[in-house]
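Please read the structure below before turning to the comments.
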Amino acid sequence: MKPDFEFERAAHARGFERVAGVDEVGRGPLAGPVTAAAVVLDPDRIPEGLNDLKKLTKPARERLYEELLQVADVSVAHASVEEIEELNILRASHLAMLRALEGLKTPADYALIDGNMIPRDLTLPAETVIKGDARSQSISAASIAAKICRDCVMLSLAQQHPGYGWETNMGYGSKKHMEALQKIGVTPHHRRLFKPVHNMLYQDK
């Protein structure tokens, strides 16, 4: 099953004109921001090959992202490690979603939100779509944009903090990352309330 445009068409049929797909990446890593994207597709210029993020190769994601920048309204936003720790990861991911929607060149009037929860401060009409990046082309586009942009952030952070393998694990708790935490310690970009990092900080106290 590949994502289609049926959720968007249904919203258009109800009178909504600018339907944004919204998705986030980076809820699970031990380091780095959580990133969300909002994408409004042009029904006549939808890139070929949009799909569930897990089914796309890195070159395919990069090609689709470049094409989306040419034919769609794409906005990407982050919530910082500090905001994750202040709000919790769910609320921070919702904050990133709201920021992404606010960053669209022309405001959306309807949102398709990946998952099962609408951000509490969202003021425009919306619906949730479970496994949305496999069902809605707009959400698939948003997941690709969020993934590409968060990966770029982690590549930059990897250059500033070598040894953790962020250029390949993107902040997730890989073996190399966990070993580096033990040997090098915790950076300002680590999520201190996430259990492995928290345990590392307080195991000797």
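FYI, nothing fancy with the structure tokens labels: chains A, B, ... in order, residues from 1 per chain, ligands from 1 as they appear.
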
query = Hey, what's within 6 Å of A:Val76 if we count only C-alpha atoms and toss same-chain stuff fewer than 5 positions away? As a VMD selection string, please?
reply = chain A and resid 36 to 37 100

message = From a backbone DSSP assignment, name each residue in stretch 56-190 of chain A labelled helix (DSSP H, G or I), as a ChimeraX atom specification.
response = /A:58-71,81-87,89-102,132-134,137-160,166-169,175-183

message = I'd like to know which of A:Met97, A:Ala126, A:Ala180, A:Val153 is closest to A:Asp109, using only C-alpha atoms.
response =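 Among A:Met97, A:Ala126, A:Ala180, A:Val153, it is A:Ala126 that comes nearest to A:Asp109.
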
inquiry  = Among stretch 8-137 of chain A, which ones does DSSP assign to strand (DSSP E or B) (computed from the backbone)? Answer as number ranges by chain.
reply    = A: 19-25, 31, 34-40, 73-79, 110-114, 126-129, 136

For the selection you just gave me, I'd like the residues written to a file as a compact mmCIF listing (two decimals), in the first residue's frame, keeping N, CA, C and O atoms.
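Contents of the output file part.txt:
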# COMPACT_ATOMS: atom_id res chain seq x y z
N VAL A 19 -4.57 22.14 2.40
CA VAL A 19 -4.49 21.03 3.34
C VAL A 19 -3.03 20.67 3.56
O VAL A 19 -2.32 20.29 2.62
N ALA A 20 -2.57 20.80 4.79
CA ALA A 20 -1.17 20.52 5.12
C ALA A 20 -1.04 19.15 5.77
O ALA A 20 -1.76 18.83 6.72
N GLY A 21 -0.11 18.36 5.26
CA GLY A 21 0.31 17.16 5.97
C GLY A 21 1.37 17.53 6.98
O GLY A 21 2.24 18.35 6.69
N VAL A 22 1.29 16.95 8.18
CA VAL A 22 2.22 17.31 9.26
C VAL A 22 2.76 16.03 9.89
O VAL A 22 1.99 15.12 10.25
N ASP A 23 4.07 15.97 10.05
CA ASP A 23 4.69 14.81 10.69
C ASP A 23 5.96 15.26 11.41
O ASP A 23 6.48 16.35 11.16
N GLU A 24 6.42 14.42 12.33
CA GLU A 24 7.65 14.73 13.06
C GLU A 24 8.60 13.53 13.02
O GLU A 24 8.18 12.40 12.80
N VAL A 25 9.87 13.84 13.23
CA VAL A 25 10.88 12.78 13.41
C VAL A 25 11.74 13.16 14.61
O VAL A 25 11.85 14.33 14.97
N ALA A 31 19.76 12.33 21.72
CA ALA A 31 20.39 13.62 21.52
C ALA A 31 19.75 14.34 20.34
O ALA A 31 19.19 13.70 19.44
N VAL A 34 13.82 17.58 18.31
CA VAL A 34 12.75 16.90 17.60
C VAL A 34 12.31 17.85 16.49
O VAL A 34 12.27 19.06 16.67
N THR A 35 12.06 17.29 15.31
CA THR A 35 11.85 18.09 14.11
C THR A 35 10.51 17.73 13.47
O THR A 35 10.16 16.55 13.38
N ALA A 36 9.78 18.74 13.03
CA ALA A 36 8.50 18.52 12.36
C ALA A 36 8.48 19.28 11.04
O ALA A 36 9.20 20.27 10.85
N ALA A 37 7.64 18.83 10.13
CA ALA A 37 7.44 19.53 8.87
C ALA A 37 5.96 19.59 8.56
O ALA A 37 5.18 18.72 8.96
N ALA A 38 5.59 20.65 7.86
CA ALA A 38 4.24 20.80 7.30
C ALA A 38 4.40 21.01 5.80
O ALA A 38 5.24 21.81 5.38
N VAL A 39 3.62 20.29 5.01
CA VAL A 39 3.72 20.39 3.56
C VAL A 39 2.32 20.50 2.95
O VAL A 39 1.44 19.69 3.26
N VAL A 40 2.15 21.50 2.11
CA VAL A 40 0.92 21.63 1.31
C VAL A 40 1.30 21.30 -0.13
O VAL A 40 2.10 22.00 -0.75
N ASP A 73 4.60 23.82 -0.87
CA ASP A 73 4.88 24.74 0.24
C ASP A 73 5.39 23.89 1.40
O ASP A 73 4.63 23.09 1.97
N VAL A 74 6.67 24.02 1.71
CA VAL A 74 7.33 23.16 2.70
C VAL A 74 7.86 24.02 3.84
O VAL A 74 8.57 25.00 3.61
N SER A 75 7.53 23.65 5.07
CA SER A 75 8.04 24.35 6.25
C SER A 75 8.54 23.32 7.25
O SER A 75 7.85 22.34 7.54
N VAL A 76 9.75 23.54 7.77
CA VAL A 76 10.36 22.64 8.76
C VAL A 76 10.70 23.43 10.00
O VAL A 76 11.17 24.57 9.91
N ALA A 77 10.45 22.85 11.18
CA ALA A 77 10.74 23.54 12.43
C ALA A 77 11.20 22.53 13.47
O ALA A 77 10.99 21.32 13.33
N HIS A 78 11.83 23.03 14.52
CA HIS A 78 12.40 22.18 15.57
C HIS A 78 11.88 22.60 16.94
O HIS A 78 11.43 23.72 17.14
N ALA A 79 11.98 21.67 17.87
CA ALA A 79 11.92 21.99 19.30
C ALA A 79 13.24 21.51 19.90
O ALA A 79 13.70 20.40 19.61
N TYR A 110 -6.41 23.56 6.89
CA TYR A 110 -6.75 22.24 7.42
C TYR A 110 -5.44 21.47 7.57
O TYR A 110 -4.52 21.64 6.77
N ALA A 111 -5.35 20.62 8.59
CA ALA A 111 -4.13 19.85 8.82
C ALA A 111 -4.43 18.37 8.96
O ALA A 111 -5.41 17.99 9.63
N LEU A 112 -3.61 17.56 8.33
CA LEU A 112 -3.61 16.11 8.52
C LEU A 112 -2.39 15.79 9.39
O LEU A 112 -1.26 15.97 8.96
N ILE A 113 -2.65 15.35 10.60
CA ILE A 113 -1.60 15.14 11.59
C ILE A 113 -1.28 13.65 11.70
O ILE A 113 -2.17 12.83 11.98
N ASP A 114 -0.03 13.30 11.50
CA ASP A 114 0.36 11.90 11.67
C ASP A 114 0.19 11.49 13.14
O ASP A 114 0.54 12.24 14.05
N ALA A 126 -8.48 20.07 11.98
CA ALA A 126 -7.49 19.02 11.71
C ALA A 126 -8.06 17.65 11.98
O ALA A 126 -9.08 17.51 12.66
N GLU A 127 -7.39 16.65 11.46
CA GLU A 127 -7.70 15.26 11.79
C GLU A 127 -6.40 14.48 11.91
O GLU A 127 -5.38 14.87 11.32
N THR A 128 -6.43 13.44 12.70
CA THR A 128 -5.25 12.58 12.84
C THR A 128 -5.34 11.42 11.86
O THR A 128 -6.43 10.98 11.49
N VAL A 129 -4.18 10.95 11.44
CA VAL A 129 -4.10 9.81 10.53
C VAL A 129 -3.03 8.87 11.08
O VAL A 129 -1.83 9.20 11.04
N SER A 136 -1.16 8.99 3.52
CA SER A 136 -1.41 10.31 2.96
C SER A 136 -0.15 10.85 2.30
O SER A 136 0.92 10.88 2.91

ask   = Which one is closest to A:Tyr65: A:Leu95, A:Ile144, A:Ala10, A:Leu30? Count only C-alpha atoms.
value =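 With only C-alpha atoms as the atom set, the closest residue is A:Ile144.
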
note = Counting only C-alpha atoms, the residue among A:His94, A:Leu69, A:Ala60, A:Ala134 that lies closest to A:Arg45 is A:Leu69

message = Give me, as a list in words, all polymer residues having an atom no more than 9 Å from stretch 184-198 of chain A, counting only C-alpha atoms and skipping those fewer than 2 positions away in the same chain.
response =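 Once the adjacent positions are removed, what remains is Pro29, Leu30, Ala31, Gly32, Pro33, Ser80, Val81, Glu82, Ile84, Glu85, Asn88, Leu157, His161, Gly163, Tyr164, Gly171, Gly173, Met178, Glu179, Ala180, Leu181, Gln182, Met200, Leu201, Tyr202 and Gln203 of chain A.
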
message = My list of candidates is A:Thr123, A:Ser143, A:Gln70, A:Gln137. Which is closest to A:Lys54 when distances are computed with only C-alpha atoms?
response =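 Nearest candidate to A:Lys54 out of A:Thr123, A:Ser143, A:Gln70, A:Gln137: A:Ser143.
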
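Separating atom CA of A:Pro107 from atom CA of A:Pro43 is a distance of 16.8 Å.
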
task = Might you pull out every residue within 7 Å of A:Met170, with only C-alpha atoms counted and same-chain residues fewer than 3 positions away left off, and present them as a list in words?
result = Asp151, Met154, Trp166 and Glu167 of chain A
